[in-house]
Amino acid sequence: MLPKANHRQMIQFVQDEFVDVQSQYEDLLYDYTILKEKVEDKEGQLVLCASLEREFLKPYIDLFKEMGISISSIDILTNSVIKLTESIDKLKNQSYILTAINGQDVNHYLFINGQYEITNRTRVFSDRGTVAFITELSNSLTKLLQFTKGTYKDQQLSQVYFAGLEKYEEDLLMSTISANLDIKTSQFEPKNYTCDSNNGFPIHQYLMVGNLWTCIRETMISCIEEQR
């Protein structure tokens, strides 16, 4: 929670949030986005803070420059996911979990009434496509569902969306989790968020890596990992 302030003051507040790790890095850049301007029973606003070394960006900037692509913004993964989900009408008032799988790494994004709440990160050690993998993933979702029921007592999650699954593992994984956890599951597949709506680009498989989404009014590139 941070107090309301102008941009310069907000950047200073963000720097203060990273004071414990500043000495470990050089030439840090800071940024933020306001998630909630008002939080019930609390003072201030809920802010997502980010920090990284300037040098970390250089290879990405050079790469796109060599390709002749102009970068309008660079964002962290979580904020890119938030922006994407906010642009999808059917998700705006929905309470759901978006589970993004990248190799053995799993990010569960929790949204309540279309509003981003938390990210739960875990690593699954079993091989992809196996029953053991599904069991581990199911266990991590169970913990998040229990947390949600305890924290958001008046809310009912409607669905778990999956991104990053391969074709061979989709049906068994989603049907098993749906049956075990008694919740609807489906592939996260936003329409019309590719360069060509007819090109069959599987955006759901690339949510966890550097994503390029071209919308009507903005181009958003997420190609850096969060440090916090």
# chains A, B, ... in the order shown; residues from 1 in each chain; ligands from 1

$ residues_around --residues "Glu86 (chain A)" --least-positions-apart "5" --cutoff "10 Å" --atoms "only C-alpha atoms" --output "ChimeraX atom specification"
/A:80-81,91-93,114-116

$ closest_residue --among "A:Thr85, A:Leu181, A:Phe133, A:Met67" --to "Gln146 (chain A)" --atoms "only C-alpha atoms"
A:Leu181

$ atom_distance --atom1 "CA of Asp27 (chain A)" --atom2 "CA of Asn6 (chain A)"
22.8 Å

$ closest_residue --among "A:Leu57, A:Leu28, A:Leu144, A:Ile183" --to "Ile11 (chain A)" --atoms "only C-alpha atoms"
A:Leu28

$ residues_around --residues "Glu55 (chain A)" --least-positions-apart "4" --cutoff "12 Å" --atoms "only C-alpha atoms" --output "list in words"
Tyr25, Glu26, Asp27, Leu28, Leu29, Pro59, Tyr60, Ile61, Asp62 and Ile224 of chain A

$ decode --residues "region 68-80 of chain A" --atoms "all heavy atoms" --output "PDB file, in the first residue's frame"
ATOM      1  N   GLY A  68      14.472  -3.665 -36.909  1.00  0.00           N
ATOM      2  CA  GLY A  68      13.700  -2.549 -37.427  1.00  0.00           C
ATOM      3  C   GLY A  68      12.353  -2.373 -36.760  1.00  0.00           C
ATOM      4  O   GLY A  68      11.432  -1.799 -37.340  1.00  0.00           O
ATOM      5  N   ILE A  69      12.240  -2.869 -35.523  1.00  0.00           N
ATOM      6  CA  ILE A  69      10.983  -2.767 -34.778  1.00  0.00           C
ATOM      7  C   ILE A  69      11.121  -1.684 -33.712  1.00  0.00           C
ATOM      8  O   ILE A  69      12.043  -1.710 -32.903  1.00  0.00           O
ATOM      9  CB  ILE A  69      10.617  -4.106 -34.113  1.00  0.00           C
ATOM     10  CG1 ILE A  69      10.428  -5.187 -35.182  1.00  0.00           C
ATOM     11  CG2 ILE A  69       9.351  -3.969 -33.267  1.00  0.00           C
ATOM     12  CD1 ILE A  69      10.191  -6.571 -34.610  1.00  0.00           C
ATOM     13  N   SER A  70      10.189  -0.749 -33.723  1.00  0.00           N
ATOM     14  CA  SER A  70      10.191   0.326 -32.741  1.00  0.00           C
ATOM     15  C   SER A  70       9.461  -0.121 -31.479  1.00  0.00           C
ATOM     16  O   SER A  70       8.323  -0.587 -31.540  1.00  0.00           O
ATOM     17  CB  SER A  70       9.508   1.566 -33.325  1.00  0.00           C
ATOM     18  OG  SER A  70       9.444   2.596 -32.362  1.00  0.00           O
ATOM     19  N   ILE A  71      10.117  -0.006 -30.340  1.00  0.00           N
ATOM     20  CA  ILE A  71       9.523  -0.408 -29.065  1.00  0.00           C
ATOM     21  C   ILE A  71       8.812   0.787 -28.443  1.00  0.00           C
ATOM     22  O   ILE A  71       9.415   1.832 -28.210  1.00  0.00           O
ATOM     23  CB  ILE A  71      10.597  -0.928 -28.096  1.00  0.00           C
ATOM     24  CG1 ILE A  71      11.281  -2.165 -28.681  1.00  0.00           C
ATOM     25  CG2 ILE A  71       9.980  -1.264 -26.745  1.00  0.00           C
ATOM     26  CD1 ILE A  71      12.394  -2.706 -27.806  1.00  0.00           C
ATOM     27  N   SER A  72       7.533   0.623 -28.170  1.00  0.00           N
ATOM     28  CA  SER A  72       6.775   1.709 -27.543  1.00  0.00           C
ATOM     29  C   SER A  72       6.822   1.621 -26.029  1.00  0.00           C
ATOM     30  O   SER A  72       6.736   2.634 -25.339  1.00  0.00           O
ATOM     31  CB  SER A  72       5.319   1.690 -28.015  1.00  0.00           C
ATOM     32  OG  SER A  72       4.690   0.484 -27.644  1.00  0.00           O
ATOM     33  N   SER A  73       6.954   0.405 -25.488  1.00  0.00           N
ATOM     34  CA  SER A  73       7.055   0.256 -24.039  1.00  0.00           C
ATOM     35  C   SER A  73       7.611  -1.112 -23.702  1.00  0.00           C
ATOM     36  O   SER A  73       7.478  -2.060 -24.478  1.00  0.00           O
ATOM     37  CB  SER A  73       5.690   0.440 -23.364  1.00  0.00           C
ATOM     38  OG  SER A  73       4.821  -0.608 -23.729  1.00  0.00           O
ATOM     39  N   ILE A  74       8.249  -1.198 -22.555  1.00  0.00           N
ATOM     40  CA  ILE A  74       8.741  -2.470 -22.035  1.00  0.00           C
ATOM     41  C   ILE A  74       8.096  -2.666 -20.676  1.00  0.00           C
ATOM     42  O   ILE A  74       8.114  -1.765 -19.837  1.00  0.00           O
ATOM     43  CB  ILE A  74      10.274  -2.478 -21.912  1.00  0.00           C
ATOM     44  CG1 ILE A  74      10.903  -2.356 -23.312  1.00  0.00           C
ATOM     45  CG2 ILE A  74      10.756  -3.747 -21.226  1.00  0.00           C
ATOM     46  CD1 ILE A  74      12.410  -2.285 -23.298  1.00  0.00           C
ATOM     47  N   ASP A  75       7.524  -3.834 -20.472  1.00  0.00           N
ATOM     48  CA  ASP A  75       6.750  -4.049 -19.255  1.00  0.00           C
ATOM     49  C   ASP A  75       7.121  -5.380 -18.626  1.00  0.00           C
ATOM     50  O   ASP A  75       7.685  -6.257 -19.283  1.00  0.00           O
ATOM     51  CB  ASP A  75       5.252  -4.044 -19.593  1.00  0.00           C
ATOM     52  CG  ASP A  75       4.411  -3.506 -18.456  1.00  0.00           C
ATOM     53  OD1 ASP A  75       4.889  -3.546 -17.302  1.00  0.00           O
ATOM     54  OD2 ASP A  75       3.289  -3.050 -18.713  1.00  0.00           O
ATOM     55  N   ILE A  76       6.800  -5.530 -17.348  1.00  0.00           N
ATOM     56  CA  ILE A  76       7.017  -6.799 -16.677  1.00  0.00           C
ATOM     57  C   ILE A  76       5.879  -7.751 -17.026  1.00  0.00           C
ATOM     58  O   ILE A  76       4.795  -7.331 -17.444  1.00  0.00           O
ATOM     59  CB  ILE A  76       7.132  -6.628 -15.150  1.00  0.00           C
ATOM     60  CG1 ILE A  76       5.847  -6.045 -14.564  1.00  0.00           C
ATOM     61  CG2 ILE A  76       8.345  -5.790 -14.796  1.00  0.00           C
ATOM     62  CD1 ILE A  76       5.839  -5.981 -13.051  1.00  0.00           C
ATOM     63  N   LEU A  77       6.126  -9.034 -16.848  1.00  0.00           N
ATOM     64  CA  LEU A  77       5.165 -10.050 -17.259  1.00  0.00           C
ATOM     65  C   LEU A  77       3.811  -9.879 -16.582  1.00  0.00           C
ATOM     66  O   LEU A  77       2.766  -9.903 -17.239  1.00  0.00           O
ATOM     67  CB  LEU A  77       5.730 -11.443 -16.957  1.00  0.00           C
ATOM     68  CG  LEU A  77       4.809 -12.617 -17.269  1.00  0.00           C
ATOM     69  CD1 LEU A  77       4.441 -12.643 -18.740  1.00  0.00           C
ATOM     70  CD2 LEU A  77       5.462 -13.929 -16.857  1.00  0.00           C
ATOM     71  N   THR A  78       3.810  -9.706 -15.265  1.00  0.00           N
ATOM     72  CA  THR A  78       2.536  -9.614 -14.546  1.00  0.00           C
ATOM     73  C   THR A  78       1.687  -8.461 -15.054  1.00  0.00           C
ATOM     74  O   THR A  78       0.484  -8.612 -15.288  1.00  0.00           O
ATOM     75  CB  THR A  78       2.778  -9.460 -13.033  1.00  0.00           C
ATOM     76  OG1 THR A  78       3.382 -10.653 -12.530  1.00  0.00           O
ATOM     77  CG2 THR A  78       1.466  -9.233 -12.291  1.00  0.00           C
ATOM     78  N   ASN A  79       2.285  -7.305 -15.260  1.00  0.00           N
ATOM     79  CA  ASN A  79       1.509  -6.161 -15.729  1.00  0.00           C
ATOM     80  C   ASN A  79       1.020  -6.367 -17.157  1.00  0.00           C
ATOM     81  O   ASN A  79      -0.060  -5.899 -17.530  1.00  0.00           O
ATOM     82  CB  ASN A  79       2.329  -4.877 -15.632  1.00  0.00           C
ATOM     83  CG  ASN A  79       1.459  -3.643 -15.604  1.00  0.00           C
ATOM     84  OD1 ASN A  79       0.402  -3.622 -14.972  1.00  0.00           O
ATOM     85  ND2 ASN A  79       1.882  -2.599 -16.296  1.00  0.00           N
ATOM     86  N   SER A  80       1.801  -7.073 -17.974  1.00  0.00           N
ATOM     87  CA  SER A  80       1.357  -7.388 -19.330  1.00  0.00           C
ATOM     88  C   SER A  80       0.134  -8.296 -19.301  1.00  0.00           C
ATOM     89  O   SER A  80      -0.812  -8.115 -20.066  1.00  0.00           O
ATOM     90  CB  SER A  80       2.486  -8.067 -20.113  1.00  0.00           C
ATOM     91  OG  SER A  80       3.564  -7.198 -20.303  1.00  0.00           O
TER      92      SER A  80
END
